[in-house]
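Participant: Following this line is entry_14.txt, made up of compact mmCIF, C-alpha atoms:
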# COMPACT_ATOMS: atom_id res chain seq x y z
CA MET A 1 105.06 85.04 115.06
CA SER A 2 102.35 84.07 117.54
CA ASP A 3 100.03 81.19 116.69
CA ASP A 4 97.20 82.71 118.76
CA LEU A 5 95.33 83.86 115.64
CA THR A 6 95.86 80.70 113.60
CA GLU A 7 92.82 78.85 112.24
CA HIS A 8 93.10 75.06 111.95
CA THR A 9 91.46 73.13 109.13
CA THR A 10 89.24 70.19 110.09
CA HIS A 11 87.58 69.51 106.74
CA SER A 12 88.09 70.60 103.12
CA GLU A 13 85.55 70.37 100.30
CA GLU A 14 86.33 70.99 96.64
CA LEU A 15 83.76 73.31 95.04
CA PHE A 16 85.13 73.90 91.55
CA ARG A 17 88.10 72.93 89.40
CA GLY A 18 88.61 74.94 86.23
CA GLY A 19 91.43 75.30 83.79
CA PHE A 20 92.89 78.14 85.86
CA LEU A 21 91.23 78.40 89.29
CA HIS A 22 90.48 75.81 91.99
CA ALA A 23 87.87 76.66 94.66
CA PHE A 24 87.36 75.12 98.12
CA ARG A 25 85.15 75.43 101.19
CA ASP A 26 86.97 74.49 104.40
CA THR A 27 85.76 74.08 107.96
CA VAL A 28 88.15 75.59 110.48
CA VAL A 29 88.54 75.85 114.24
CA LEU A 30 88.93 79.46 115.35
CA PRO A 31 91.25 80.68 118.14
CA ASP A 32 88.36 80.65 120.65
CA GLY A 33 87.48 77.02 119.81
CA SER A 34 84.40 77.75 117.72
CA SER A 35 84.11 76.69 114.08
CA ALA A 36 83.58 78.58 110.83
CA THR A 37 83.75 78.04 107.08
CA ARG A 38 86.25 79.58 104.71
CA GLU A 39 85.71 79.70 100.95
CA TYR A 40 88.83 80.42 98.91
CA VAL A 41 90.52 79.97 95.56
CA LYS A 42 93.85 78.28 94.97
CA HIS A 43 95.99 80.06 92.40
CA PRO A 44 99.25 78.89 90.79
CA GLY A 45 101.04 82.19 91.48
CA ALA A 46 102.21 84.87 89.08
CA VAL A 47 104.90 87.41 88.28
CA MET A 48 104.84 91.13 87.48
CA ILE A 49 107.61 92.96 85.64
CA ILE A 50 108.58 96.60 86.12
CA ALA A 51 110.59 97.03 82.92
CA LEU A 52 112.80 100.13 82.75
CA LEU A 53 113.50 101.51 79.27
CA ASP A 54 116.49 103.83 79.61
CA ASP A 55 118.12 103.80 76.16
CA ASP A 56 117.10 107.37 75.24
CA PRO A 57 118.73 109.87 77.65
CA ALA A 58 117.10 112.80 75.85
CA HIS A 59 113.62 111.65 76.86
CA GLY A 60 114.44 110.11 80.25
CA LEU A 61 113.37 106.85 81.83
CA LYS A 62 110.31 105.13 80.39
CA LEU A 63 108.28 102.19 81.68
CA VAL A 64 106.89 99.36 79.59
CA LEU A 65 103.14 99.14 80.23
CA GLU A 66 100.11 97.42 78.76
CA ARG A 67 96.47 98.16 78.09
CA GLN A 68 94.28 95.06 78.31
CA PHE A 69 90.54 94.41 78.60
CA ARG A 70 89.78 92.57 81.84
CA TYR A 71 86.50 90.74 81.56
CA PRO A 72 85.50 90.52 85.27
CA VAL A 73 85.56 94.33 85.65
CA GLN A 74 84.53 95.06 82.03
CA ARG A 75 87.30 97.63 81.60
CA VAL A 76 90.47 98.23 79.68
CA MET A 77 93.13 98.39 82.40
CA VAL A 78 96.60 99.96 82.42
CA GLU A 79 99.01 97.43 83.91
CA PHE A 80 102.59 96.34 84.24
CA PRO A 81 103.32 93.15 82.24
CA ALA A 82 102.43 90.06 84.25
CA GLY A 83 101.50 86.42 83.94
CA LYS A 84 100.93 83.23 85.84
CA LEU A 85 103.47 80.57 86.67
CA ASP A 86 103.44 77.29 84.81
CA PRO A 87 103.65 74.17 87.04
CA GLY A 88 107.15 73.95 88.53
CA GLU A 89 108.34 77.08 86.75
CA ASP A 90 111.03 79.27 88.32
CA PRO A 91 109.61 82.79 88.93
CA LEU A 92 112.52 84.55 87.21
CA ALA A 93 112.20 82.28 84.17
CA CYS A 94 108.48 83.06 84.17
CA ALA A 95 109.16 86.81 84.33
CA GLN A 96 111.61 86.57 81.43
CA ARG A 97 109.15 84.51 79.40
CA GLU A 98 106.16 86.75 80.08
CA LEU A 99 108.05 89.97 79.29
CA ALA A 100 109.25 88.54 75.98
CA GLU A 101 105.92 86.98 75.00
CA GLU A 102 103.72 89.96 75.91
CA THR A 103 105.94 92.89 74.95
CA GLY A 104 108.79 91.55 72.79
CA TYR A 105 111.38 93.00 75.17
CA VAL A 106 114.32 90.97 76.49
CA ALA A 107 116.20 92.33 79.51
CA ARG A 108 119.92 92.15 80.25
CA GLU A 109 119.53 92.49 84.04
CA TRP A 110 116.89 91.48 86.57
CA ALA A 111 116.24 92.27 90.23
CA HIS A 112 113.77 90.61 92.57
CA ALA A 113 111.87 93.25 94.55
CA GLY A 114 109.39 91.34 96.70
CA VAL A 115 106.13 89.44 96.84
CA LEU A 116 102.57 90.72 96.70
CA HIS A 117 99.49 88.87 98.02
CA PRO A 118 96.68 90.66 96.13
CA CYS A 119 93.54 89.04 97.55
CA ILE A 120 94.30 87.48 100.94
CA SER A 121 90.64 87.21 102.01
CA TYR A 122 89.73 84.68 99.31
CA SER A 123 92.83 83.39 97.51
CA ASN A 124 96.36 82.13 98.16
CA GLU A 125 97.61 83.95 95.06
CA PHE A 126 101.06 85.54 95.22
CA ILE A 127 102.72 87.78 92.65
CA ASP A 128 106.51 87.89 92.48
CA ILE A 129 107.67 91.44 91.67
CA TRP A 130 110.64 91.79 89.31
CA PHE A 131 112.49 94.78 87.88
CA ALA A 132 114.14 94.52 84.46
CA ARG A 133 116.58 96.83 82.67
CA GLY A 134 118.91 96.84 79.68
CA LEU A 135 115.97 96.14 77.36
CA ALA A 136 116.27 95.01 73.75
CA LYS A 137 113.16 95.02 71.55
CA GLY A 138 112.06 91.89 69.78
CA VAL A 139 108.75 90.47 68.57
CA ALA A 140 105.90 89.74 70.97
CA ARG A 141 104.34 86.26 70.89
CA LEU A 142 100.88 86.53 72.41
CA ASP A 143 98.87 83.48 73.38
CA PRO A 144 95.83 82.61 71.23
CA GLY A 145 92.93 84.79 72.35
CA GLU A 146 95.23 87.29 74.09
CA PHE A 147 94.89 90.90 72.96
CA LEU A 148 96.79 93.80 74.48
CA GLU A 149 98.48 97.08 73.58
CA VAL A 150 102.06 97.68 74.68
CA PHE A 151 103.13 101.29 75.25
CA THR A 152 105.68 103.29 77.22
CA ALA A 153 105.19 106.09 79.74
CA SER A 154 107.28 108.03 82.22
CA PRO A 155 107.21 107.20 85.94
CA GLU A 156 105.62 110.60 86.51
CA ALA A 157 102.78 109.79 84.12
CA LEU A 158 102.16 106.43 85.80
CA LEU A 159 102.06 108.01 89.27
CA GLY A 160 99.62 110.59 87.96
CA TRP A 161 97.33 107.85 86.66
CA CYS A 162 97.53 106.09 90.03
CA CYS A 163 96.47 109.35 91.70
CA ASP A 164 93.57 110.22 89.37
CA GLY A 165 92.03 106.73 89.23
CA THR A 166 93.12 105.80 85.72
CA VAL A 167 95.15 102.96 87.24
CA THR A 168 93.17 100.84 89.71
CA ASP A 169 94.85 97.46 89.19
CA GLY A 170 96.22 96.39 92.58
CA LYS A 171 99.48 94.89 91.37
CA THR A 172 100.28 97.95 89.27
CA LEU A 173 99.56 100.27 92.20
CA THR A 174 101.95 98.18 94.31
CA GLY A 175 104.51 98.24 91.50
CA ALA A 176 104.25 102.04 91.35
CA LEU A 177 104.93 102.22 95.09
CA TRP A 178 107.99 100.01 94.68
CA LEU A 179 109.18 102.01 91.67
CA GLN A 180 108.82 105.33 93.48
CA ASN A 181 110.92 104.10 96.40
CA VAL A 182 113.58 102.53 94.17
CA LEU A 183 113.94 105.70 92.09
CA SER A 184 114.20 107.84 95.24
CA GLY A 185 116.94 105.58 96.64
CA ALA A 186 114.87 104.59 99.67
CA TRP A 187 114.64 100.93 98.61
CA ALA A 188 117.60 99.05 97.13
CA LEU A 189 117.66 96.35 94.47
CA THR A 190 120.25 93.65 93.81
CA TRP A 191 120.66 93.20 90.07
CA GLN A 192 121.67 89.97 88.35
CA THR A 193 122.15 88.74 84.82
CA GLY A 194 120.89 85.54 83.28
CA GLN A 195 118.83 82.86 84.96
CA GLY A 196 118.27 82.59 88.69
CA THR A 197 116.04 80.85 91.18
CA ARG A 198 113.57 82.56 93.47
CA THR A 199 110.61 80.82 95.05
CA GLY A 200 107.64 83.17 95.52
CA ARG A 201 105.29 82.96 98.49
Would it be possible to restate this file's structure as structure tokens?
Facilitator:
Amino acid sequence: MSDDLTEHTTHSEELFRGGFLHAFRDTVVLPDGSSATREYVKHPGAVMIIALLDDDPAHGLKLVLERQFRYPVQRVMVEFPAGKLDPGEDPLACAQRELAEETGYVAREWAHAGVLHPCISYSNEFIDIWFARGLAKGVARLDPGEFLEVFTASPEALLGWCCDGTVTDGKTLTGALWLQNVLSGAWALTWQTGQGTRTGR
């Protein structure tokens, strides 16, 4: 890839360090030699899980979804299960942990789909996208102060909600795109069992 558009950092200033987010203001040199400032947030990275519940052939494939109140937008959002990486945590291990903690489900097989960068203009956040199948139901273990409703829906219902504006969460919209292409056979997945290592970017 050409470096012609690359911006080079000459100075970095920390603006805020919280328990979750870390904000900076950098001075950069632009491709034409002029300077500018860039304010952005460092994020530890996250995972999203597209969990396929296929143990009831009579009712067809179902997806494991969540309803959760998201304070910044003051709305209850429909989302795929997701969560942030702990320091040094393997993304697959994180996906397995988050699925079990938030929904109670444990999956027999996992497939890495890709990586999503949800807010490239102001954050380095990445979300590793994982598919899970062969689900067994257990007991959810939510974090203190975490409240959500777990439910199931068909792929057709989810796509309808994406179309009519019920679903506006960016990662879930991306997950629906990936799901649609996987189910149609246009995009392939490589399934694995047990633990594995995948570094998200």
Participant: Residues within 10 Å of Val28 of chain A, please, as a PyMOL selection string. Count all atoms listed in the file; anything in the same chain fewer than 5 positions from it doesn't count.
Facilitator: chain A and resi 6-12+33-38
Participant: Which residues come within 12 Å of Ser123 of chain A, counting all atoms listed in the file, excluding same-chain residues fewer than 3 positions away, as a count of residues only?
Facilitator: 19
Participant: Would you list the contacts of Asp143 of chain A as a ChimeraX atom specification, taking every protein, DNA or RNA residue within 12 Å and counting only C-alpha atoms, but skipping same-chain residues closer than 3 positions in sequence?
Facilitator: /A:83,97-98,100-103,140,146-148
Participant: Hey, what's within 12 Å of Gly60 of chain A if we count all atoms listed in the file and toss same-chain stuff fewer than 5 positions away? As a list in words, please?
Facilitator: Leu52, Leu53, Asp54, Asp55, Thr152, Ala153, Ser154, Pro155 and Glu156 of chain A
Participant: Between atom CA of Arg67 of chain A and atom CA of Arg108 of chain A, measure the distance and give it in Å to one decimal.
Facilitator: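 Answer for the atom CA of Arg67 of chain A to atom CA of Arg108 of chain A separation: 24.3 Å.
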Participant: Restricting the calculation to all atoms listed in the file: of A:Glu125, A:Asp4, A:Glu109, A:Glu149, which residue gets closest to Val64 of chain A?
Facilitator: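 With all atoms listed in the file as the atom set, the closest residue is A:Glu149.
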Participant: What is the atom CA of Met48 of chain A to atom CA of Leu183 of chain A distance in Å?
Facilitator: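 Result for atom CA of Met48 of chain A versus atom CA of Leu183 of chain A: 17.8 Å, one decimal.
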Participant: Using all atoms listed in the file, determine which residues lie at most 8 Å from Cys94 of chain A, disregarding the query and same-chain residues fewer than 4 positions distant; provide the list as a list in words.
Facilitator: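 Here the qualifying residues turn out to be Val47, Gly83, Lys84, Leu85, Asp86, Glu89, Asp90 and Glu98 of chain A.
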Participant: For Thr193 of chain A, which residue among A:Lys62, A:Arg141, A:Arg133, A:Arg70 is the nearest when counting only C-alpha atoms?
Facilitator: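 Smallest distance to Thr193 of chain A is found for A:Arg133.
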Participant: Return the single residue from A:Tyr122, A:Phe20, A:Tyr105, A:Trp110 that is closest to Pro87 of chain A, with distances computed using all atoms listed in the file.
Facilitator: A:Phe20
Participant: To one decimal place, how far is atom CA of Trp161 of chain A from atom CA of Glu79 of chain A in Å?
Facilitator: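 So the answer is 10.9 Å.
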Participant: Select, from A:Gly138, A:Gly165, A:Pro31, A:Pro81, the residue with the minimum atom-to-atom distance to Leu63 of chain A, counting only C-alpha atoms.
Facilitator: A:Pro81
